[in-house]
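Engineer: Input data11.txt, format and content: compact mmCIF, C-alpha atoms.
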# COMPACT_ATOMS: atom_id res chain seq x y z
CA MET A 1 3.11 22.86 6.26
CA SER A 2 3.03 25.70 3.80
CA ASP A 3 5.31 24.01 1.25
CA CYS A 4 3.46 20.68 1.16
CA PRO A 5 0.98 20.37 -1.72
CA TYR A 6 -0.99 17.71 0.14
CA CYS A 7 -1.63 20.11 3.00
CA ALA A 8 -3.40 22.47 0.59
CA ASN A 9 -7.16 22.23 0.83
CA SER A 10 -7.46 21.59 -2.89
CA THR A 11 -10.92 21.51 -4.38
CA HIS A 12 -9.57 20.23 -7.70
CA GLN A 13 -10.82 16.70 -8.45
CA VAL A 14 -11.82 16.18 -4.79
CA ILE A 15 -14.78 13.80 -4.65
CA TRP A 16 -14.88 13.36 -0.88
CA ASN A 17 -13.74 15.67 1.90
CA ASP A 18 -14.81 15.27 5.51
CA GLY A 19 -12.08 17.55 6.84
CA VAL A 20 -9.99 14.60 7.99
CA THR A 21 -9.61 12.58 4.79
CA ARG A 22 -9.94 13.69 1.18
CA VAL A 23 -10.48 11.46 -1.83
CA MET A 24 -9.21 12.69 -5.16
CA TYR A 25 -9.98 11.17 -8.52
CA ILE A 26 -6.97 11.63 -10.77
CA VAL A 27 -8.78 12.41 -14.01
CA ASP A 28 -5.70 12.54 -16.21
CA ALA A 29 -3.83 9.53 -14.73
CA PRO A 30 -2.40 7.07 -17.26
CA PHE A 31 -4.31 4.32 -15.40
CA VAL A 32 -8.04 4.93 -15.53
CA GLY A 33 -9.91 5.29 -12.25
CA TRP A 34 -6.79 6.09 -10.16
CA CYS A 35 -7.87 7.59 -6.83
CA ARG A 36 -5.87 9.05 -3.99
CA VAL A 37 -6.85 9.21 -0.32
CA ILE A 38 -5.09 11.92 1.65
CA TRP A 39 -4.91 12.27 5.41
CA HIS A 40 -5.56 15.96 5.80
CA ALA A 41 -3.11 16.66 8.65
CA HIS A 42 0.59 16.60 7.84
CA ALA A 43 1.99 13.26 9.02
CA LEU A 44 4.95 11.28 7.73
CA GLU A 45 4.06 7.64 8.33
CA LEU A 46 0.92 5.65 9.01
CA THR A 47 2.37 4.72 12.38
CA ASP A 48 2.55 8.41 13.28
CA LEU A 49 -1.26 8.33 13.40
CA ASN A 50 -2.97 6.81 16.42
CA GLU A 51 -5.06 3.65 16.07
CA ALA A 52 -8.38 5.46 15.68
CA GLU A 53 -6.90 7.74 13.04
CA ARG A 54 -5.45 4.82 11.11
CA GLU A 55 -8.78 3.02 11.20
CA ARG A 56 -10.53 6.13 9.94
CA LEU A 57 -8.05 6.53 7.09
CA MET A 58 -8.23 2.86 6.11
CA ARG A 59 -12.03 2.92 6.24
CA THR A 60 -11.88 5.56 3.51
CA VAL A 61 -9.34 3.52 1.53
CA TYR A 62 -11.56 0.42 1.73
CA ALA A 63 -14.59 2.45 0.63
CA VAL A 64 -12.69 3.67 -2.42
CA GLU A 65 -11.53 0.12 -3.20
CA THR A 66 -15.10 -1.18 -2.91
CA GLY A 67 -16.36 1.62 -5.16
CA LEU A 68 -13.71 0.98 -7.81
CA ARG A 69 -14.47 -2.75 -7.80
CA LYS A 70 -18.21 -2.13 -8.13
CA LEU A 71 -18.02 0.62 -10.74
CA LEU A 72 -15.11 -0.51 -12.93
CA LEU A 73 -14.80 -4.30 -12.39
CA PRO A 74 -10.98 -4.29 -12.42
CA VAL A 75 -8.98 -7.53 -12.48
CA LYS A 76 -7.09 -6.31 -9.40
CA ILE A 77 -6.74 -3.33 -7.09
CA ASN A 78 -3.29 -1.96 -6.25
CA LEU A 79 -2.85 -0.07 -2.97
CA ALA A 80 0.26 1.90 -2.14
CA SER A 81 1.30 4.39 0.51
CA MET A 82 4.78 5.51 -0.38
CA GLY A 83 5.34 9.23 0.08
CA THR A 84 9.02 8.99 -0.66
CA ALA A 85 8.78 11.97 -3.01
CA MET A 86 5.94 13.60 -1.06
CA PRO A 87 6.23 12.81 2.67
CA HIS A 88 2.61 13.39 3.71
CA VAL A 89 0.47 10.31 4.38
CA HIS A 90 -1.61 9.42 1.33
CA TRP A 91 -2.80 6.28 -0.45
CA HIS A 92 -2.95 5.41 -4.11
CA ILE A 93 -5.86 3.12 -5.04
CA ILE A 94 -5.38 1.95 -8.61
CA PRO A 95 -7.71 -0.35 -10.53
CA ARG A 96 -5.80 -2.66 -12.86
CA PHE A 97 -6.95 -4.23 -16.11
CA ALA A 98 -5.37 -6.95 -18.25
CA ASP A 99 -5.12 -4.46 -21.14
CA ASP A 100 -3.48 -1.65 -19.15
CA THR A 101 -0.03 -0.55 -20.29
CA HIS A 102 1.84 -2.34 -17.47
CA PHE A 103 -0.28 -5.34 -16.43
CA PRO A 104 0.67 -7.44 -14.49
CA ASP A 105 3.70 -5.33 -13.53
CA PRO A 106 3.58 -2.37 -11.12
CA VAL A 107 2.38 0.91 -12.63
CA TRP A 108 5.77 2.44 -11.78
CA SER A 109 7.73 -0.05 -13.90
CA THR A 110 8.35 0.07 -17.65
CA ALA A 111 5.32 -0.16 -19.92
CA LYS A 112 4.72 -3.50 -21.64
CA ARG A 113 2.24 -2.30 -24.27
CA THR A 114 0.52 0.79 -25.64
CA ALA A 115 -2.63 2.17 -24.06
CA SER A 116 -5.86 0.37 -24.92
CA GLY A 117 -7.97 3.50 -24.96
CA ARG A 118 -10.03 2.22 -22.04
CA SER A 119 -11.95 4.95 -20.23
CA VAL A 120 -14.26 5.17 -17.25
CA PRO A 121 -18.03 5.64 -17.68
CA ALA A 122 -19.02 9.29 -18.05
CA ASP A 123 -20.72 9.25 -14.65
CA PHE A 124 -17.78 7.62 -12.83
CA ALA A 125 -16.83 10.57 -10.59
CA ALA A 126 -20.47 11.19 -9.66
CA ALA A 127 -21.10 7.49 -9.03
CA MET A 128 -17.98 7.21 -6.86
CA LYS A 129 -19.02 10.29 -4.93
CA ALA A 130 -22.45 8.77 -4.30
CA HIS A 131 -20.84 5.48 -3.25
CA LEU A 132 -18.56 7.26 -0.75
CA GLU A 133 -21.44 9.28 0.66
CA THR A 134 -23.34 6.06 1.32
CA SER A 135 -20.34 4.06 2.57
CA LEU A 136 -18.85 6.73 4.81
CA ALA A 137 -22.02 8.35 6.10
CA MET B 138 -5.04 -23.07 -3.75
CA SER B 139 -2.43 -25.62 -4.66
CA ASP B 140 -0.83 -23.51 -7.38
CA CYS B 141 -0.45 -20.34 -5.27
CA PRO B 142 3.01 -19.93 -3.71
CA TYR B 143 1.61 -17.65 -1.00
CA CYS B 144 -0.72 -20.40 0.17
CA ALA B 145 2.29 -22.61 0.87
CA ASN B 146 3.21 -22.69 4.54
CA SER B 147 6.77 -21.67 3.78
CA THR B 148 9.23 -21.73 6.63
CA HIS B 149 11.89 -19.94 4.57
CA GLN B 150 12.67 -16.47 5.96
CA VAL B 151 9.45 -16.47 8.02
CA ILE B 152 10.01 -14.36 11.15
CA TRP B 153 6.42 -14.36 12.39
CA ASN B 154 3.62 -16.86 11.86
CA ASP B 155 0.48 -16.96 13.97
CA GLY B 156 -1.40 -19.17 11.49
CA VAL B 157 -3.38 -16.18 10.18
CA THR B 158 -0.63 -13.79 9.11
CA ARG B 159 2.99 -14.51 8.24
CA VAL B 160 5.85 -12.00 8.14
CA MET B 161 8.73 -12.75 5.83
CA TYR B 162 12.03 -10.92 5.75
CA ILE B 163 13.30 -10.89 2.18
CA VAL B 164 16.98 -11.43 2.88
CA ASP B 165 18.15 -11.06 -0.72
CA ALA B 166 15.93 -8.10 -1.71
CA PRO B 167 17.70 -5.25 -3.53
CA PHE B 168 16.27 -2.90 -0.86
CA VAL B 169 17.58 -3.80 2.57
CA GLY B 170 15.05 -4.68 5.25
CA TRP B 171 12.20 -5.46 2.80
CA CYS B 172 9.48 -7.39 4.65
CA ARG B 173 6.30 -9.00 3.42
CA VAL B 174 3.12 -9.65 5.38
CA ILE B 175 0.95 -12.41 3.98
CA TRP B 176 -2.66 -13.16 4.87
CA HIS B 177 -2.52 -16.91 5.17
CA ALA B 178 -5.91 -17.73 3.60
CA HIS B 179 -6.25 -17.27 -0.15
CA ALA B 180 -8.09 -13.98 -0.76
CA LEU B 181 -7.90 -11.64 -3.74
CA GLU B 182 -8.50 -8.18 -2.30
CA LEU B 183 -8.36 -6.53 1.11
CA THR B 184 -12.10 -5.87 0.83
CA ASP B 185 -12.69 -9.62 0.49
CA LEU B 186 -11.66 -9.86 4.15
CA ASN B 187 -14.14 -8.84 6.82
CA GLU B 188 -13.45 -5.86 9.09
CA ALA B 189 -11.93 -7.88 11.92
CA GLU B 190 -9.68 -9.73 9.48
CA ARG B 191 -8.52 -6.48 7.86
CA GLU B 192 -7.75 -4.98 11.26
CA ARG B 193 -5.78 -8.06 12.21
CA LEU B 194 -3.78 -7.93 8.98
CA MET B 195 -3.11 -4.20 9.29
CA ARG B 196 -2.07 -4.59 12.92
CA THR B 197 0.70 -6.89 11.69
CA VAL B 198 1.64 -4.43 8.93
CA TYR B 199 1.86 -1.56 11.44
CA ALA B 200 3.98 -3.70 13.78
CA VAL B 201 6.42 -4.40 10.95
CA GLU B 202 6.51 -0.71 10.03
CA THR B 203 7.21 0.24 13.64
CA GLY B 204 9.96 -2.37 13.86
CA LEU B 205 11.63 -1.23 10.66
CA ARG B 206 11.53 2.40 11.80
CA LYS B 207 13.02 1.50 15.18
CA LEU B 208 15.67 -0.90 13.94
CA LEU B 209 16.79 0.71 10.66
CA LEU B 210 15.87 4.43 10.94
CA PRO B 211 14.74 4.74 7.31
CA VAL B 212 13.92 8.12 5.75
CA LYS B 213 10.54 6.73 4.71
CA ILE B 214 8.48 3.54 4.72
CA ASN B 215 6.75 2.37 1.54
CA LEU B 216 3.68 0.17 1.85
CA ALA B 217 2.11 -1.62 -1.08
CA SER B 218 -0.51 -4.30 -1.58
CA MET B 219 -0.62 -5.01 -5.28
CA GLY B 220 -0.90 -8.71 -6.10
CA THR B 221 -1.34 -8.09 -9.78
CA ALA B 222 1.21 -10.79 -10.56
CA MET B 223 0.35 -12.87 -7.48
CA PRO B 224 -3.35 -12.48 -6.59
CA HIS B 225 -3.19 -13.46 -2.91
CA VAL B 226 -3.46 -10.66 -0.33
CA HIS B 227 -0.01 -9.62 0.86
CA TRP B 228 1.78 -6.42 1.81
CA HIS B 229 5.24 -5.14 1.00
CA ILE B 230 6.81 -3.01 3.75
CA ILE B 231 9.95 -1.41 2.38
CA PRO B 232 12.29 0.90 4.30
CA ARG B 233 13.74 3.59 2.07
CA PHE B 234 17.04 5.44 2.39
CA ALA B 235 18.37 8.49 0.58
CA ASP B 236 21.23 6.38 -0.78
CA ASP B 237 19.10 3.51 -2.08
CA THR B 238 19.23 2.83 -5.82
CA HIS B 239 15.83 4.44 -6.58
CA PHE B 240 15.26 7.11 -3.91
CA PRO B 241 12.94 9.06 -4.01
CA ASP B 242 11.30 7.12 -6.85
CA PRO B 243 9.28 3.91 -6.36
CA VAL B 244 11.34 0.72 -6.03
CA TRP B 245 9.65 -0.61 -9.18
CA SER B 246 10.87 2.25 -11.38
CA THR B 247 14.25 2.62 -13.09
CA ALA B 248 17.30 2.84 -10.83
CA LYS B 249 18.85 6.29 -10.40
CA ARG B 250 22.19 5.19 -8.93
CA THR B 251 24.25 2.14 -8.04
CA ALA B 252 23.82 0.33 -4.75
CA SER B 253 25.45 1.95 -1.73
CA GLY B 254 26.41 -1.33 -0.09
CA ARG B 255 24.14 -0.55 2.88
CA SER B 256 23.22 -3.62 4.90
CA VAL B 257 21.11 -4.36 7.95
CA PRO B 258 22.68 -5.09 11.35
CA ALA B 259 23.64 -8.76 11.77
CA ASP B 260 20.93 -9.24 14.39
CA PHE B 261 18.18 -7.59 12.32
CA ALA B 262 16.00 -10.69 11.73
CA ALA B 263 16.26 -11.71 15.39
CA ALA B 264 15.54 -8.16 16.58
CA MET B 265 12.52 -7.86 14.28
CA LYS B 266 11.24 -11.22 15.48
CA ALA B 267 11.57 -10.07 19.11
CA HIS B 268 9.81 -6.79 18.24
CA LEU B 269 6.91 -8.64 16.61
CA GLU B 270 6.59 -11.04 19.53
CA THR B 271 6.27 -8.08 21.88
CA SER B 272 4.02 -5.99 19.64
CA LEU B 273 1.67 -8.75 18.56
CA ALA B 274 1.52 -10.77 21.76
Let's see the structure in the file written out as structure tokens.
Structural biologist:
Amino acid sequence: MSDCPYCANSTHQVIWNDGVTRVMYIVDAPFVGWCRVIWHAHALELTDLNEAERERLMRTVYAVETGLRKLLLPVKINLASMGTAMPHVHWHIIPRFADDTHFPDPVWSTAKRTASGRSVPADFAAAMKAHLETSLA
Amino acid sequence: MSDCPYCANSTHQVIWNDGVTRVMYIVDAPFVGWCRVIWHAHALELTDLNEAERERLMRTVYAVETGLRKLLLPVKINLASMGTAMPHVHWHIIPRFADDTHFPDPVWSTAKRTASGRSVPADFAAAMKAHLETSLA
């Protein structure tokens, strides 16, 4: 769809793109390490994909989760596929830390504290890219 | 774990229980039709389950999504596995409507309007239970 930003074949921040799923690292997110997995074709709900497609999408989501756990050692991973504002199937994979602004509340709620200044290692995007290449090869 | 409420074999509001996954319908949720799928064993992250276990869990999640779409005709489904406050793998499956208090924002953000008074059909829990029995048989 021409008016859907997730249909655009963005190269910005994309760290994995196999033509079916894309993984974006949201560099400027208020929660460090936030990644997004986008199903390339325009679909509304997960259950609009067939079983093989869902498995392929979730395999990418799990690979991102595994990479975030290995590279950033978060206390918890949050996964969400909402799309209420942007109805094109995509997943948020968000590593959570006890010192993040909202912990243990959802990232969409009201902040409980000021930012800790935590950042990801300088090689995070490259390391995640290498992890995905190995995991999804 | 004895101190984890999701480990408890609750019978309250449970509309599906195969001993591995449970589906709860959250009758008093501020968003009508909110369901929760719980992996019965105590696990922290989705990637702590093996592939077959993840597929089994997601099969239940998809069945709930399909049931909510069929029975309530929501504008969108929201899926979230967070567990930051309750670190035991579980999914929220939340039907969203244009007149809900937060649409199109996440349910965990600040309300945009007062409740519309929308409710589910009187036979919703029974219909969802029947749907799950057929889908997951």
Engineer: Find the residues around segment 196-208 of chain B up to 8 Å (all atoms listed in the file counted), leave out those fewer than 2 positions away in its own chain, and share them as JSON, numbers by chain.
Structural biologist: {"A": [46, 47], "B": [158, 170, 172, 174, 192, 193, 194, 210, 211, 214, 228, 230, 232, 261, 264, 265, 268, 269, 272, 273]}
Engineer: Which is closer to Asp185 of chain B than all the others in B:His239, B:Leu209, B:Lys249, B:His225, using all atoms listed in the file?
Structural biologist: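 Selected residue with least distance to Asp185 of chain B: B:His225.
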Engineer: To one decimal in Å, tell me the separation between atom CA of Met82 of chain A and atom CA of Glu190 of chain B.
Structural biologist: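 A separation of 23.2 Å between them.
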Engineer: Kindly provide the residues of chain B that approach chain A to within 9 Å, each paired with its closest atom pair and their distance in Å to one decimal, based on all atoms listed in the file, listed by chain and increasing number, as JSON lines.
Structural biologist:
{"residue": "B:Leu181", "atom": "CA", "partner": "A:Lys76", "partner_atom": "CA", "distance": 7.8}
{"residue": "B:Glu182", "atom": "CA", "partner": "A:Ile77", "partner_atom": "CA", "distance": 7.0}
{"residue": "B:Leu183", "atom": "CA", "partner": "A:Tyr62", "partner_atom": "CA", "distance": 7.7}
{"residue": "B:Thr184", "atom": "CA", "partner": "A:Tyr62", "partner_atom": "CA", "distance": 6.4}
{"residue": "B:Glu192", "atom": "CA", "partner": "A:Glu55", "partner_atom": "CA", "distance": 8.1}
{"residue": "B:Tyr199", "atom": "CA", "partner": "A:Thr47", "partner_atom": "CA", "distance": 6.4}
{"residue": "B:Ala200", "atom": "CA", "partner": "A:Thr47", "partner_atom": "CA", "distance": 8.7}
{"residue": "B:Glu202", "atom": "CA", "partner": "A:Thr47", "partner_atom": "CA", "distance": 7.2}
{"residue": "B:Thr203", "atom": "CA", "partner": "A:Thr47", "partner_atom": "CA", "distance": 6.7}
{"residue": "B:Val212", "atom": "CA", "partner": "A:Thr84", "partner_atom": "CA", "distance": 8.1}
{"residue": "B:Lys213", "atom": "CA", "partner": "A:Thr84", "partner_atom": "CA", "distance": 6.0}
{"residue": "B:Ile214", "atom": "CA", "partner": "A:Met82", "partner_atom": "CA", "distance": 6.6}
{"residue": "B:Asn215", "atom": "CA", "partner": "A:Met82", "partner_atom": "CA", "distance": 4.2}
{"residue": "B:Leu216", "atom": "CA", "partner": "A:Ser81", "partner_atom": "CA", "distance": 5.0}
{"residue": "B:Ala217", "atom": "CA", "partner": "A:Ala80", "partner_atom": "CA", "distance": 4.1}
{"residue": "B:Ser218", "atom": "CA", "partner": "A:Leu79", "partner_atom": "CA", "distance": 5.0}
{"residue": "B:Met219", "atom": "CA", "partner": "A:Asn78", "partner_atom": "CA", "distance": 4.2}
{"residue": "B:Gly220", "atom": "CA", "partner": "A:Asn78", "partner_atom": "CA", "distance": 7.2}
{"residue": "B:Thr221", "atom": "CA", "partner": "A:Pro104", "partner_atom": "CA", "distance": 5.2}
{"residue": "B:Ala222", "atom": "CA", "partner": "A:Pro104", "partner_atom": "CA", "distance": 5.2}
{"residue": "B:Met223", "atom": "CA", "partner": "A:Pro104", "partner_atom": "CA", "distance": 8.9}
{"residue": "B:Pro224", "atom": "CA", "partner": "A:Lys76", "partner_atom": "CA", "distance": 7.7}
{"residue": "B:Arg233", "atom": "CA", "partner": "A:Thr84", "partner_atom": "CA", "distance": 7.7}
{"residue": "B:Phe240", "atom": "CA", "partner": "A:Thr84", "partner_atom": "CA", "distance": 7.3}
{"residue": "B:Pro241", "atom": "CA", "partner": "A:Thr84", "partner_atom": "CA", "distance": 5.2}
{"residue": "B:Asp242", "atom": "CA", "partner": "A:Ala85", "partner_atom": "CA", "distance": 6.7}
{"residue": "B:Pro243", "atom": "CA", "partner": "A:Trp108", "partner_atom": "CA", "distance": 6.6}
{"residue": "B:Val244", "atom": "CA", "partner": "A:Trp108", "partner_atom": "CA", "distance": 8.2}
{"residue": "B:Trp245", "atom": "CA", "partner": "A:Ser109", "partner_atom": "CA", "distance": 5.1}
{"residue": "B:Ser246", "atom": "CA", "partner": "A:Ser109", "partner_atom": "CA", "distance": 4.6}
{"residue": "B:Thr247", "atom": "CA", "partner": "A:Ser109", "partner_atom": "CA", "distance": 7.1}
Engineer: Between atom CA of Val226 of chain B and atom CA of Trp176 of chain B, what is the distance in Å, rounded to a tenth?
Structural biologist: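 Interatomic distance here is 5.8 Å.
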Engineer: Of the candidates A:Val32, A:Leu49, A:Ala41, A:Cys4, which shows the shortest atom-to-atom distance to Ser116 of chain A, using all atoms listed in the file?
Structural biologist: A:Val32
Engineer: Quick one: what's the axis-aligned box for segment 227-231 of chain B, all listed atoms, 4 Å on every side, centre and edges in Å to one decimal, as AutoDock Vina command-line options?
Structural biologist:
--center_x 5.0 --center_y -5.5 --center_z 2.3 --size_x 18.0 --size_y 16.2 --size_z 10.9
Engineer: What is the distance between atom CA of Trp16 of chain A and atom CA of Ala43 of chain A, in Å to one decimal?
Structural biologist: 19.6 Å
Engineer: Could you tell me which of B:Ala252, B:Asp140, B:Glu270, B:Trp171 comes closest to Asn154 of chain B if we count all atoms listed in the file?
Structural biologist: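 Using all atoms listed in the file, the shortest distance to Asn154 of chain B belongs to B:Glu270.
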Engineer: Any idea what's packed within 7 Å of Val14 of chain A, counting only C-alpha atoms, ignoring anything in its chain fewer than 5 positions away? Could you give it as a list in words?
Structural biologist: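 Within the cut-off, the hits are Arg22, Val23, Met24 and Tyr25 of chain A.
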